>>> print(open('target.csv').read())   # CSV, C-alpha atoms
chain,number,residue,atom,x,y,z
E,1,MET,CA,8.4,-21.6,45.2
E,2,SER,CA,6.4,-19.5,47.6
E,3,GLU,CA,2.7,-19.1,47.3
E,4,PRO,CA,1.7,-15.4,47.3
E,5,SER,CA,-1.7,-14.1,48.5
E,6,VAL,CA,-3.9,-13.3,45.6
E,7,SER,CA,-7.0,-11.1,45.7
E,8,ARG,CA,-10.2,-11.8,44.0
E,9,GLY,CA,-12.9,-9.2,43.1
E,10,GLY,CA,-16.0,-11.2,42.6
E,11,SER,CA,-19.7,-10.8,42.8
E,12,ASP,CA,-20.0,-12.1,46.4
E,13,ARG,CA,-17.0,-10.7,48.4
E,14,ALA,CA,-13.4,-9.8,48.0
E,15,ALA,CA,-11.3,-12.7,49.3
E,16,LEU,CA,-7.6,-13.7,49.7
E,17,PHE,CA,-6.3,-17.1,48.8
E,18,GLU,CA,-2.9,-18.7,48.4
E,19,ALA,CA,-1.9,-19.4,44.8
E,20,PRO,CA,1.2,-20.9,43.1
E,21,ASP,CA,3.9,-18.4,42.4
E,22,ASP,CA,3.7,-19.1,38.7
E,23,VAL,CA,2.1,-16.9,36.1
E,24,GLU,CA,1.0,-19.8,33.9
E,25,ALA,CA,-0.6,-21.6,36.9
E,26,ILE,CA,-2.4,-18.5,38.1
E,27,ASN,CA,-3.7,-17.8,34.6
E,28,ARG,CA,-5.0,-21.4,34.4
E,29,LEU,CA,-6.7,-20.9,37.8
E,30,TYR,CA,-8.3,-17.6,36.8
E,31,HIS,CA,-9.5,-19.2,33.5
E,32,GLU,CA,-10.9,-22.2,35.3
E,33,ARG,CA,-12.8,-20.1,37.8
E,34,ARG,CA,-14.0,-17.7,35.0
E,35,TRP,CA,-12.4,-14.7,36.6
E,36,SER,CA,-10.6,-13.7,33.4
E,37,ASP,CA,-11.7,-12.6,29.9
E,38,GLY,CA,-9.7,-15.3,28.2
E,39,LEU,CA,-6.5,-13.2,27.8
E,40,PRO,CA,-3.6,-13.5,30.2
E,41,VAL,CA,-4.1,-11.5,33.4
E,42,VAL,CA,-1.7,-9.8,35.8
E,43,PRO,CA,-1.9,-11.7,39.2
E,44,PRO,CA,-3.6,-9.3,41.7
E,45,THR,CA,-1.4,-10.0,44.6
E,46,VAL,CA,-2.0,-8.0,47.8
E,47,GLU,CA,1.1,-5.9,47.0
E,48,ARG,CA,-0.1,-5.1,43.5
E,49,VAL,CA,-3.6,-4.2,44.7
E,50,GLN,CA,-2.1,-1.9,47.4
E,51,ARG,CA,0.0,-0.1,44.8
E,52,MET,CA,-3.1,0.3,42.6
E,53,LEU,CA,-5.1,1.8,45.5
E,54,ALA,CA,-2.4,4.5,45.8
E,55,GLY,CA,-3.9,5.9,42.6
E,56,THR,CA,-6.9,7.2,44.4
E,57,ARG,CA,-7.7,9.0,47.7
E,58,ARG,CA,-11.0,7.1,48.0
E,59,PRO,CA,-11.0,4.5,50.8
E,60,PRO,CA,-10.8,0.8,49.7
E,61,GLY,CA,-14.1,-0.1,51.3
E,62,GLU,CA,-16.1,2.7,49.8
E,63,LEU,CA,-19.0,1.5,47.7
E,64,VAL,CA,-18.9,3.1,44.2
E,65,SER,CA,-22.0,1.3,42.8
E,66,SER,CA,-23.8,-1.9,42.5
E,67,ILE,CA,-23.3,-3.6,39.1
E,68,ALA,CA,-26.1,-5.3,37.3
E,69,PRO,CA,-27.2,-8.0,36.6
E,70,GLY,CA,-25.9,-9.7,39.7
E,71,PHE,CA,-25.7,-6.4,41.6
E,72,GLY,CA,-22.4,-7.1,43.2
E,73,ALA,CA,-20.9,-4.4,45.3
E,74,ALA,CA,-18.2,-2.5,43.3
E,75,THR,CA,-16.1,-1.1,46.1
E,76,VAL,CA,-12.9,0.8,45.4
E,77,GLU,CA,-10.8,-2.2,46.4
E,78,ARG,CA,-12.7,-4.6,44.1
E,79,ILE,CA,-12.4,-2.2,41.2
E,80,ALA,CA,-8.7,-2.0,42.0
E,81,ILE,CA,-8.4,-5.8,41.9
E,82,ASN,CA,-9.9,-5.9,38.4
E,83,ALA,CA,-7.7,-3.0,37.3
E,84,VAL,CA,-4.7,-5.0,38.3
E,85,LEU,CA,-6.0,-8.0,36.4
E,86,ALA,CA,-6.4,-5.8,33.3
E,87,GLY,CA,-2.8,-4.5,33.4
E,88,CYS,CA,-3.7,-0.9,34.6
E,89,ILE,CA,-1.2,1.3,36.3
E,90,PRO,CA,-2.4,3.3,39.4
E,91,GLY,CA,-2.9,6.4,37.4
E,92,TYR,CA,-5.6,4.8,35.4
E,93,LEU,CA,-7.7,3.8,38.5
E,94,PRO,CA,-9.7,7.1,38.9
E,95,ALA,CA,-10.8,6.8,35.2
E,96,VAL,CA,-11.9,3.2,35.8
E,97,ILE,CA,-13.8,4.2,38.9
E,98,ALA,CA,-15.6,7.1,37.1
E,99,ALA,CA,-16.6,4.6,34.4
E,100,VAL,CA,-18.0,2.2,37.0
E,101,GLU,CA,-20.0,5.1,38.5
E,102,ALA,CA,-21.3,6.0,35.0
E,103,VAL,CA,-22.5,2.6,33.9
E,104,ALA,CA,-24.6,2.3,37.1
E,105,ALA,CA,-26.7,5.4,36.3
E,106,PRO,CA,-30.3,4.3,35.7
E,107,GLU,CA,-30.5,5.9,32.2
E,108,PHE,CA,-27.6,3.8,31.0
E,109,ASN,CA,-29.7,0.6,31.6
E,110,LEU,CA,-26.8,-1.7,32.5
E,111,GLN,CA,-29.3,-4.5,33.4
E,112,GLY,CA,-30.5,-4.5,29.8
E,113,ILE,CA,-27.0,-4.1,28.3
E,114,GLN,CA,-25.5,-6.9,30.4
E,115,ALA,CA,-28.2,-9.5,29.9
E,116,THR,CA,-29.3,-9.0,26.3
E,117,THR,CA,-28.7,-11.2,23.2
E,118,ASN,CA,-27.5,-8.0,21.5
E,119,PRO,CA,-23.7,-7.7,20.9
E,120,VAL,CA,-23.6,-4.3,22.8
E,121,ALA,CA,-20.3,-3.4,24.5
E,122,VAL,CA,-19.5,-0.4,26.7
E,123,TRP,CA,-17.5,2.2,24.9
E,124,VAL,CA,-15.5,4.5,27.2
E,125,ILE,CA,-14.6,8.0,25.9
E,126,VAL,CA,-12.1,10.1,27.8
E,127,ASN,CA,-12.1,13.9,27.7
E,128,GLY,CA,-10.1,16.7,29.3
E,129,PRO,CA,-6.5,16.8,30.7
E,130,ALA,CA,-6.6,13.3,32.0
E,131,GLY,CA,-6.7,11.9,28.5
E,132,ARG,CA,-3.4,13.6,27.7
E,133,GLU,CA,-1.8,12.9,31.1
E,134,LEU,CA,-2.7,9.2,31.0
E,135,GLY,CA,-1.8,8.8,27.3
E,136,VAL,CA,-5.3,7.8,26.2
E,137,ASN,CA,-5.1,7.7,22.4
E,138,GLY,CA,-7.6,9.8,20.4
E,139,SER,CA,-5.6,10.0,17.2
E,140,PHE,CA,-4.1,7.3,14.9
E,141,ASN,CA,-5.7,3.9,15.4
E,142,CYS,CA,-7.5,5.1,18.5
E,143,LEU,CA,-9.9,2.2,18.5
E,144,GLY,CA,-7.2,-0.3,17.7
E,145,GLN,CA,-4.2,-1.9,19.4
E,146,GLY,CA,-1.0,-0.4,20.7
E,147,THR,CA,-2.0,2.0,23.4
E,148,PRO,CA,-1.7,0.7,27.0
E,149,ALA,CA,-4.2,3.2,28.5
E,150,ASN,CA,-6.9,2.5,26.0
E,151,ALA,CA,-6.5,-1.3,26.3
E,152,ALA,CA,-6.2,-1.4,30.1
E,153,ILE,CA,-9.0,1.1,31.1
E,154,GLY,CA,-11.5,-0.5,28.7
E,155,ARG,CA,-10.5,-4.0,29.8
E,156,ALA,CA,-10.7,-3.2,33.5
E,157,LEU,CA,-14.3,-2.0,33.1
E,158,ARG,CA,-15.2,-5.2,31.2
E,159,LEU,CA,-13.7,-7.3,34.0
E,160,VAL,CA,-15.7,-5.3,36.6
E,161,LEU,CA,-18.9,-6.0,34.6
E,162,GLN,CA,-18.1,-9.7,34.5
E,163,ASN,CA,-16.5,-10.3,37.9
E,164,ILE,CA,-18.6,-8.0,40.0
E,165,GLY,CA,-21.7,-7.7,37.9
E,166,GLY,CA,-21.7,-11.5,37.3
E,167,ALA,CA,-22.3,-11.2,33.5
E,168,LEU,CA,-20.6,-14.4,32.4
E,169,PRO,CA,-21.0,-15.4,28.8
E,170,GLY,CA,-23.7,-18.0,28.3
E,171,GLU,CA,-25.1,-17.4,31.8
E,172,MET,CA,-26.3,-13.8,32.6
E,173,ASP,CA,-24.5,-12.4,29.5
E,174,ARG,CA,-26.7,-13.9,26.7
E,175,ALA,CA,-25.1,-12.2,23.7
E,176,THR,CA,-25.7,-14.2,20.6
E,177,HIS,CA,-22.4,-13.3,19.1
E,178,GLY,CA,-20.8,-10.5,21.2
E,179,GLN,CA,-18.1,-8.4,19.6
E,180,PRO,CA,-14.4,-7.6,20.0
E,181,GLY,CA,-15.3,-4.4,21.9
E,182,LYS,CA,-16.3,-6.7,24.8
E,183,TYR,CA,-12.6,-7.2,25.5
E,184,THR,CA,-11.9,-3.4,25.5
E,185,PHE,CA,-13.5,-0.4,23.9
E,186,CYS,CA,-11.9,2.9,25.0
E,187,CYS,CA,-10.5,6.0,23.3
E,188,ALA,CA,-10.0,9.7,23.9
E,189,GLU,CA,-11.6,12.5,21.9
E,190,ASN,CA,-9.0,14.3,19.7
E,191,GLU,CA,-9.8,17.7,21.2
E,192,ASP,CA,-7.0,19.5,19.4
E,193,ALA,CA,-8.5,18.6,16.1
E,194,ASN,CA,-12.1,19.3,17.1
E,195,PRO,CA,-13.4,22.5,15.4
E,196,TRP,CA,-16.3,22.7,17.9
E,197,GLU,CA,-16.6,22.3,21.6
E,198,PRO,CA,-15.5,18.9,22.9
E,199,LEU,CA,-17.9,16.3,24.1
E,200,HIS,CA,-17.5,17.0,27.9
E,201,VAL,CA,-18.1,20.7,27.5
E,202,GLU,CA,-21.2,20.0,25.4
E,203,ARG,CA,-22.4,17.8,28.3
E,204,GLY,CA,-22.0,20.5,30.9
E,205,PHE,CA,-18.5,20.2,32.2
E,206,ARG,CA,-15.7,22.8,32.3
E,207,ARG,CA,-13.2,22.6,29.5
E,208,ASP,CA,-10.4,21.9,32.1
E,209,ALA,CA,-12.4,19.0,33.7
E,210,SER,CA,-11.5,15.4,33.0
E,211,THR,CA,-14.4,13.0,32.3
E,212,VAL,CA,-15.4,9.6,31.0
E,213,THR,CA,-18.5,9.0,29.0
E,214,VAL,CA,-19.9,5.5,28.6
E,215,VAL,CA,-21.9,4.5,25.6
E,216,GLY,CA,-23.8,1.3,24.9
E,217,ALA,CA,-22.4,0.6,21.5
E,218,GLU,CA,-23.4,-2.2,19.1
E,219,GLY,CA,-20.2,-2.0,17.0
E,220,THR,CA,-18.5,0.1,14.4
E,221,MET,CA,-19.0,0.8,10.7
E,222,ASN,CA,-16.3,2.5,8.7
E,223,MET,CA,-17.4,5.2,6.3
E,224,ASN,CA,-14.8,6.1,3.7
E,225,THR,CA,-15.7,9.0,1.5
E,226,HIS,CA,-13.5,11.5,-0.4
E,227,THR,CA,-16.1,14.1,-0.9
E,228,LYS,CA,-15.2,17.7,0.0
E,229,ASP,CA,-18.8,18.9,0.1
E,230,ALA,CA,-20.5,19.1,3.5
E,231,GLY,CA,-23.9,18.3,2.2
E,232,GLU,CA,-22.8,15.2,0.3
E,233,LEU,CA,-20.8,14.1,3.4
E,234,LEU,CA,-23.9,14.2,5.6
E,235,ARG,CA,-26.1,12.5,3.0
E,236,VAL,CA,-23.8,9.4,2.7
E,237,PHE,CA,-23.4,9.3,6.5
E,238,ALA,CA,-27.2,9.2,6.8
E,239,ASP,CA,-27.6,6.6,4.1
E,240,THR,CA,-25.2,4.4,6.1
E,241,MET,CA,-27.1,4.9,9.4
E,242,GLN,CA,-30.4,3.9,7.9
E,243,HIS,CA,-30.9,0.2,8.6
E,244,PRO,CA,-34.2,-1.6,9.1
E,245,PRO,CA,-33.1,-4.4,11.6
E,246,SER,CA,-32.3,-1.6,14.1
E,247,ASN,CA,-32.7,-1.1,17.8
E,248,GLU,CA,-32.2,2.6,17.1
E,249,TYR,CA,-35.4,3.1,15.0
E,250,CYS,CA,-37.2,0.8,17.3
E,251,TYR,CA,-36.6,2.8,20.5
E,252,GLY,CA,-35.5,6.2,19.3
E,253,SER,CA,-31.9,6.1,20.2
E,254,GLU,CA,-28.6,8.0,20.5
E,255,PRO,CA,-26.6,7.1,17.4
E,256,TRP,CA,-23.0,8.1,17.5
E,257,LEU,CA,-20.4,9.1,14.9
E,258,ILE,CA,-16.7,9.3,15.3
E,259,LEU,CA,-15.8,12.1,12.8
E,260,SER,CA,-12.2,12.1,11.5
E,261,PRO,CA,-10.5,15.4,11.8
E,262,GLU,CA,-10.6,15.7,8.0
E,263,HIS,CA,-14.4,15.2,7.8
E,264,ALA,CA,-15.0,17.5,10.8
E,265,GLU,CA,-13.1,20.3,9.0
E,266,ILE,CA,-15.2,19.8,5.8
E,267,LEU,CA,-18.3,20.3,7.9
E,268,ARG,CA,-16.9,23.3,9.7
E,269,SER,CA,-15.7,24.8,6.4
E,270,GLY,CA,-19.2,24.3,5.1
E,271,GLY,CA,-20.4,26.7,7.8
E,272,LEU,CA,-22.1,24.1,10.0
E,273,THR,CA,-22.2,24.3,13.8
E,274,LYS,CA,-22.3,21.2,15.9
E,275,SER,CA,-26.0,21.7,16.4
E,276,GLU,CA,-26.6,22.1,12.7
E,277,VAL,CA,-24.8,18.9,11.9
E,278,LYS,CA,-27.0,17.1,14.3
E,279,GLY,CA,-30.2,18.6,12.9
E,280,ARG,CA,-29.3,17.8,9.3
E,281,LEU,CA,-28.4,14.2,10.2
E,282,TRP,CA,-31.6,13.8,12.2
E,283,GLU,CA,-33.7,14.8,9.1
E,284,LEU,CA,-31.6,12.8,6.6
E,285,THR,CA,-31.9,9.6,8.6
E,286,LYS,CA,-35.7,9.5,8.6
E,287,MET,CA,-36.9,6.1,7.4
E,288,PRO,CA,-40.3,4.8,6.3
E,289,ALA,CA,-41.6,2.2,8.8
E,290,GLY,CA,-42.4,-0.1,6.0
E,291,ARG,CA,-38.7,-0.9,5.5
E,292,MET,CA,-38.9,-2.9,8.7
E,293,THR,CA,-40.4,-6.4,9.0
E,294,GLU,CA,-43.9,-6.8,10.3
E,295,LYS,CA,-42.7,-8.4,13.5
E,296,ASP,CA,-40.2,-5.7,14.1
E,297,LEU,CA,-42.9,-3.1,13.6
E,298,LEU,CA,-44.7,-4.6,16.5
E,299,ARG,CA,-41.7,-3.7,18.7
E,300,VAL,CA,-41.7,-0.2,17.3
E,301,LYS,CA,-45.4,0.2,18.1
E,302,ALA,CA,-44.9,-1.0,21.7
E,303,ALA,CA,-41.9,1.2,22.2
E,304,ARG,CA,-42.9,4.4,20.4
E,305,GLY,CA,-46.7,4.3,20.0
E,306,LYS,CA,-47.2,7.1,22.5
E,307,GLU,CA,-44.6,9.3,20.7
E,308,LEU,CA,-45.6,8.6,17.1
E,309,GLY,CA,-49.3,7.5,17.3
E,310,ASP,CA,-50.7,5.0,14.9
E,311,ILE,CA,-47.6,3.5,13.2
E,312,ARG,CA,-48.2,2.4,9.6
E,313,PRO,CA,-45.9,1.3,6.8
E,314,ASP,CA,-45.8,4.9,5.6
E,315,THR,CA,-45.0,6.4,9.0
E,316,VAL,CA,-41.7,8.2,9.0
E,317,LEU,CA,-39.5,6.9,11.8
E,318,THR,CA,-36.7,9.0,13.3
E,319,ILE,CA,-33.5,7.3,14.4
E,320,ALA,CA,-33.5,9.5,17.6
E,321,HIS,CA,-36.3,11.2,19.5
E,322,ARG,CA,-34.8,14.7,19.0
E,323,PRO,CA,-32.0,16.2,16.9
E,324,GLU,CA,-30.0,16.8,20.1
E,325,ASP,CA,-29.8,13.0,20.6
E,326,MET,CA,-27.6,12.7,17.6
E,327,ARG,CA,-24.1,12.3,19.1
E,328,PHE,CA,-20.6,12.6,17.8
E,329,ILE,CA,-17.0,13.1,18.8
E,330,VAL,CA,-13.9,14.0,16.7
E,331,ALA,CA,-11.2,11.4,16.9
E,332,GLY,CA,-8.7,9.6,14.8
E,333,GLY,CA,-5.7,10.6,12.6
E,334,PRO,CA,-5.5,11.9,9.0
E,335,GLY,CA,-7.7,10.1,6.4
E,336,THR,CA,-11.1,10.2,4.7
E,337,HIS,CA,-12.6,7.7,7.2
E,338,SER,CA,-15.3,8.3,9.8
E,339,VAL,CA,-17.1,5.7,12.0
E,340,TYR,CA,-20.8,5.1,12.6
E,341,VAL,CA,-21.3,3.6,16.1
E,342,PRO,CA,-24.9,2.3,16.3
E,343,CYS,CA,-26.3,2.3,19.8
E,344,PHE,CA,-28.1,-0.4,21.8
E,345,GLY,CA,-31.2,1.8,21.6
E,346,ASN,CA,-32.7,1.5,25.0
E,347,THR,CA,-29.8,3.3,26.7
E,348,ARG,CA,-28.5,6.8,27.2
E,349,ALA,CA,-24.8,7.8,27.4
E,350,VAL,CA,-23.6,9.0,30.8
E,351,THR,CA,-20.7,11.2,31.7
E,352,ARG,CA,-18.9,11.4,35.0
E,353,GLN,CA,-16.0,13.5,36.1
E,354,ILE,CA,-12.7,11.8,37.0
E,355,SER,CA,-11.8,12.7,40.6
>>> encode(input="target.csv", output="C-alpha cells")
Amino acid sequence: MSEPSVSRGGSDRAALFEAPDDVEAINRLYHERRWSDGLPVVPPTVERVQRMLAGTRRPPGELVSSIAPGFGAATVERIAINAVLAGCIPGYLPAVIAAVEAVAAPEFNLQGIQATTNPVAVWVIVNGPAGRELGVNGSFNCLGQGTPANAAIGRALRLVLQNIGGALPGEMDRATHGQPGKYTFCCAENEDANPWEPLHVERGFRRDASTVTVVGAEGTMNMNTHTKDAGELLRVFADTMQHPPSNEYCYGSEPWLILSPEHAEILRSGGLTKSEVKGRLWELTKMPAGRMTEKDLLRVKAARGKELGDIRPDTVLTIAHRPEDMRFIVAGGPGTHSVYVPCFGNTRAVTRQIS
C-alpha cells in the first residue's frame, strides 16, 4: 500500500509526515500521539485538508487566534486540519473558525476553562441562516446524537482546544471528571419556535446574520414540568437553579436555560417579555449565603466582596450580577422539558459572526 502524506495541526507547528494507507493504523497512530479525542478520526491527508480549505476565502496561513493554555497558533490551515479529523465538510469550516475566534476573547477566559478541575465544556450555539443551511439541529434531540453538523462542528472545536491549545487530559486539562460535552456540545436555536427575538439579535446582530455563540457550560439539568402557569414555571426553574456548591453564586455568573418551545409559549402567553423572564428569574434565584459551606463562603467573599460588601450567612446572593446576565435560548422539539445549563462562573459568553 502507498503511504499518503498526513497533516497534523498541533501546538507547535503544522507538519506533514508519511503514514500507512490504513485507517486502523492511522487511528492507532493518532491515539498514541494523543492527537485524537478517543473516537475514530478521519485521516487529514493533504488532499482532504485542501478540500476543507475550499470552504473559506481566508488564506491558510492567516492567524485566527492563539489558543490557551499552550497558546498555540490557530491558523486557518490548522483549524482545517482539526475539522477534517472531526468529520466536518467544507461548509462547516467558517462556523468552526468563528467559534475559534470567539473562545479566544478575553472575557471568555479560555485559560481558566481549559486548565480547571471543573467539568466545564464549550457549548456552541448557532444562529441565523447558516444554522438552516448547514443543517445544525435546534429541534428534536438537539443536544443528542444523529446530526452530522452538531457532532462535527462541536468536535472540531474540541480538537482545536486540545491539539492547538495543548489541553490534554491529565496534563494542562485538569478536569476532575470532565463531561460528555467535552466530545462535542453544539446546537442551533429553534428560531421558528422562539416567540421573542433570537439570541444573536439580542446580542446586537442583524436577524439575517449568521453567528456562533460560545458558552462555558458545566453540564445540563433536565427540568420536566407540566404546569401551564407562567409564574409556577419560573418558580420551579429557579428552585432548580439554586445550588450551594456553585461557581455561579460564587462569581456572579451567566446561567443559561434552554427553553422548550412549549415552555416558551407558556411564558409568552403569560404576557412576559424576554426581559421580564430574566428579571423574575434573577429575583427568584436569590439564595442566602448561609446555604454555602464556610470554606466556599471565603471564595464568595474574595470574588464578590466589593460588589456585596460584608458577606454574612444572611446575605442574599444573586446567581448573576444583573438581571440582564440571565441567558436563554429556545430550542428542542415538542415536550414539557427545558434544560438548565449552569455556567463555569468566571466566564462570559461570546458571539462572533460567521463569515
>>> closest_residue(input="target.csv", among="E:Glu189, E:Asp229, E:Glu107, E:Glu101", to="Gly135 in chain E", atoms="all atoms listed in the file")
E:Glu189
>>> residues_near_point(input="target.csv", point="(-40.0, -3.7, 17.8)", cutoff="12 Å", atoms="all atoms listed in the file", output="list in words")
Pro244, Pro245, Ser246, Asn247, Glu248, Tyr249, Cys250, Tyr251, Gly252, Ala289, Met292, Thr293, Glu294, Lys295, Asp296, Leu297, Leu298, Arg299, Val300, Lys301, Ala302, Ala303, Arg304, Gly305, Ile311, Gly345 and Asn346 of chain E
>>> closest_residue(input="target.csv", among="E:Phe140, E:Phe71, E:Phe237, E:Phe205", to="Met172 in chain E", atoms="all atoms listed in the file")
E:Phe71
>>> closest_residue(input="target.csv", among="E:Ala193, E:Thr315, E:Leu157, E:Asn222", to="Arg268 in chain E", atoms="all atoms listed in the file")
E:Ala193
>>> atom_distance(input="target.csv", atom1="CA of Gly146 in chain E", atom2="CA of Cys187 in chain E")
11.7 Å
>>> closest_residue(input="target.csv", among="E:Leu134, E:Ile319, E:Ile164, E:Ile329", to="Ala264 in chain E", atoms="only C-alpha atoms")
E:Ile329
>>> residues_around(input="target.csv", residues="range 150-156 of chain E", least_positions_apart="5", cutoff="10 Å", atoms="all atoms listed in the file", output="VMD selection string")
chain E and resid 37 79 to 89 92 to 97 99 to 100 122 to 126 131 134 to 138 142 to 145 161 to 162 181 to 188
>>> atom_distance(input="target.csv", atom1="CA of Asp325 in chain E", atom2="CA of Arg312 in chain E")
23.9 Å
>>> closest_residue(input="target.csv", among="E:Ser253, E:Ser275, E:Gln353, E:Thr75", to="His321 in chain E", atoms="only C-alpha atoms")
E:Ser253
>>> atom_distance(input="target.csv", atom1="CA of His226 in chain E", atom2="CA of Trp282 in chain E")
22.2 Å
>>> residues_near_point(input="target.csv", point="(-19.3, 18.4, 6.8)", cutoff="7 Å", atoms="all atoms listed in the file", output="list in words")
Asp229, Ala230, Gly231, Leu233, Leu234, His263, Ala264, Glu265, Ile266, Leu267, Arg268 and Gly270 of chain E
>>> residues_around(input="target.csv", residues="Met287 in chain E", least_positions_apart="2", cutoff="7 Å", atoms="only C-alpha atoms", output="MDAnalysis selection string")
chainID E and resid 242 285 289 316:318
>>> write_last_selection(input="target.csv", atoms="C-alpha atoms", output="compact mmCIF listing (two decimals), in the frame of the given file")
# COMPACT_ATOMS: atom_id res chain seq x y z
CA GLN E 242 -30.40 3.90 7.90
CA THR E 285 -31.90 9.60 8.60
CA ALA E 289 -41.60 2.20 8.80
CA VAL E 316 -41.70 8.20 9.00
CA LEU E 317 -39.50 6.90 11.80
CA THR E 318 -36.70 9.00 13.30
>>> residues_around(input="target.csv", residues="Pro342 in chain E", least_positions_apart="6", cutoff="9 Å", atoms="all atoms listed in the file", output="list in words")
Gly216, Ala217, Glu218, Gly219, Thr220, Met221, Met241, Ser246, Asn247, Glu248, Ser253, Glu254, Pro255, Trp256 and Leu257 of chain E
>>> closest_residue(input="target.csv", among="E:Ile113, E:Val76, E:Met52, E:Val339", to="Ile258 in chain E", atoms="only C-alpha atoms")
E:Val339
>>> build_atoms(input="target.csv", residues="range 75-97 of chain E", atoms="N, CA and C atoms", output="PDB file, in the frame of the given file")
ATOM      1  N   THR E  75     -16.837  -1.997  45.238  1.00  0.00           N
ATOM      2  CA  THR E  75     -16.100  -1.100  46.100  1.00  0.00           C
ATOM      3  C   THR E  75     -14.807  -0.665  45.412  1.00  0.00           C
ATOM      4  N   VAL E  76     -14.175   0.340  45.972  1.00  0.00           N
ATOM      5  CA  VAL E  76     -12.900   0.800  45.400  1.00  0.00           C
ATOM      6  C   VAL E  76     -11.906  -0.307  45.328  1.00  0.00           C
ATOM      7  N   GLU E  77     -11.823  -1.135  46.373  1.00  0.00           N
ATOM      8  CA  GLU E  77     -10.800  -2.200  46.400  1.00  0.00           C
ATOM      9  C   GLU E  77     -11.145  -3.250  45.299  1.00  0.00           C
ATOM     10  N   ARG E  78     -12.401  -3.613  45.136  1.00  0.00           N
ATOM     11  CA  ARG E  78     -12.700  -4.600  44.100  1.00  0.00           C
ATOM     12  C   ARG E  78     -12.473  -4.074  42.710  1.00  0.00           C
ATOM     13  N   ILE E  79     -12.745  -2.800  42.501  1.00  0.00           N
ATOM     14  CA  ILE E  79     -12.400  -2.200  41.200  1.00  0.00           C
ATOM     15  C   ILE E  79     -10.900  -2.232  41.005  1.00  0.00           C
ATOM     16  N   ALA E  80     -10.140  -1.940  42.065  1.00  0.00           N
ATOM     17  CA  ALA E  80      -8.700  -2.000  42.000  1.00  0.00           C
ATOM     18  C   ALA E  80      -8.163  -3.353  41.622  1.00  0.00           C
ATOM     19  N   ILE E  81      -8.780  -4.379  42.183  1.00  0.00           N
ATOM     20  CA  ILE E  81      -8.400  -5.800  41.900  1.00  0.00           C
ATOM     21  C   ILE E  81      -8.534  -6.038  40.380  1.00  0.00           C
ATOM     22  N   ASN E  82      -9.671  -5.643  39.832  1.00  0.00           N
ATOM     23  CA  ASN E  82      -9.900  -5.900  38.400  1.00  0.00           C
ATOM     24  C   ASN E  82      -9.017  -4.996  37.536  1.00  0.00           C
ATOM     25  N   ALA E  83      -8.653  -3.818  38.038  1.00  0.00           N
ATOM     26  CA  ALA E  83      -7.700  -3.000  37.300  1.00  0.00           C
ATOM     27  C   ALA E  83      -6.336  -3.617  37.237  1.00  0.00           C
ATOM     28  N   VAL E  84      -5.920  -4.271  38.325  1.00  0.00           N
ATOM     29  CA  VAL E  84      -4.700  -5.000  38.300  1.00  0.00           C
ATOM     30  C   VAL E  84      -4.738  -6.131  37.274  1.00  0.00           C
ATOM     31  N   LEU E  85      -5.811  -6.906  37.333  1.00  0.00           N
ATOM     32  CA  LEU E  85      -6.000  -8.000  36.400  1.00  0.00           C
ATOM     33  C   LEU E  85      -5.853  -7.527  34.938  1.00  0.00           C
ATOM     34  N   ALA E  86      -6.373  -6.325  34.660  1.00  0.00           N
ATOM     35  CA  ALA E  86      -6.400  -5.800  33.300  1.00  0.00           C
ATOM     36  C   ALA E  86      -5.076  -5.213  32.853  1.00  0.00           C
ATOM     37  N   GLY E  87      -4.126  -5.036  33.775  1.00  0.00           N
ATOM     38  CA  GLY E  87      -2.800  -4.500  33.400  1.00  0.00           C
ATOM     39  C   GLY E  87      -2.766  -2.953  33.587  1.00  0.00           C
ATOM     40  N   CYS E  88      -3.672  -2.381  34.387  1.00  0.00           N
ATOM     41  CA  CYS E  88      -3.700  -0.900  34.600  1.00  0.00           C
ATOM     42  C   CYS E  88      -2.453  -0.541  35.485  1.00  0.00           C
ATOM     43  N   ILE E  89      -2.067   0.723  35.388  1.00  0.00           N
ATOM     44  CA  ILE E  89      -1.200   1.300  36.300  1.00  0.00           C
ATOM     45  C   ILE E  89      -2.024   2.169  37.296  1.00  0.00           C
ATOM     46  N   PRO E  90      -1.517   2.546  38.475  1.00  0.00           N
ATOM     47  CA  PRO E  90      -2.400   3.300  39.400  1.00  0.00           C
ATOM     48  C   PRO E  90      -2.990   4.534  38.901  1.00  0.00           C
ATOM     49  N   GLY E  91      -2.312   5.221  37.991  1.00  0.00           N
ATOM     50  CA  GLY E  91      -2.900   6.400  37.400  1.00  0.00           C
ATOM     51  C   GLY E  91      -4.161   6.253  36.678  1.00  0.00           C
ATOM     52  N   TYR E  92      -4.396   5.029  36.173  1.00  0.00           N
ATOM     53  CA  TYR E  92      -5.600   4.800  35.400  1.00  0.00           C
ATOM     54  C   TYR E  92      -6.834   4.563  36.341  1.00  0.00           C
ATOM     55  N   LEU E  93      -6.600   4.250  37.615  1.00  0.00           N
ATOM     56  CA  LEU E  93      -7.700   3.800  38.500  1.00  0.00           C
ATOM     57  C   LEU E  93      -8.819   4.850  38.592  1.00  0.00           C
ATOM     58  N   PRO E  94      -8.540   6.157  38.764  1.00  0.00           N
ATOM     59  CA  PRO E  94      -9.700   7.100  38.900  1.00  0.00           C
ATOM     60  C   PRO E  94     -10.561   7.092  37.618  1.00  0.00           C
ATOM     61  N   ALA E  95      -9.993   6.901  36.436  1.00  0.00           N
ATOM     62  CA  ALA E  95     -10.800   6.800  35.200  1.00  0.00           C
ATOM     63  C   ALA E  95     -11.691   5.577  35.235  1.00  0.00           C
ATOM     64  N   VAL E  96     -11.134   4.464  35.705  1.00  0.00           N
ATOM     65  CA  VAL E  96     -11.900   3.200  35.800  1.00  0.00           C
ATOM     66  C   VAL E  96     -13.057   3.406  36.792  1.00  0.00           C
ATOM     67  N   ILE E  97     -12.759   4.011  37.936  1.00  0.00           N
ATOM     68  CA  ILE E  97     -13.800   4.200  38.900  1.00  0.00           C
ATOM     69  C   ILE E  97     -14.905   5.120  38.394  1.00  0.00           C
TER      70      ILE E  97
END
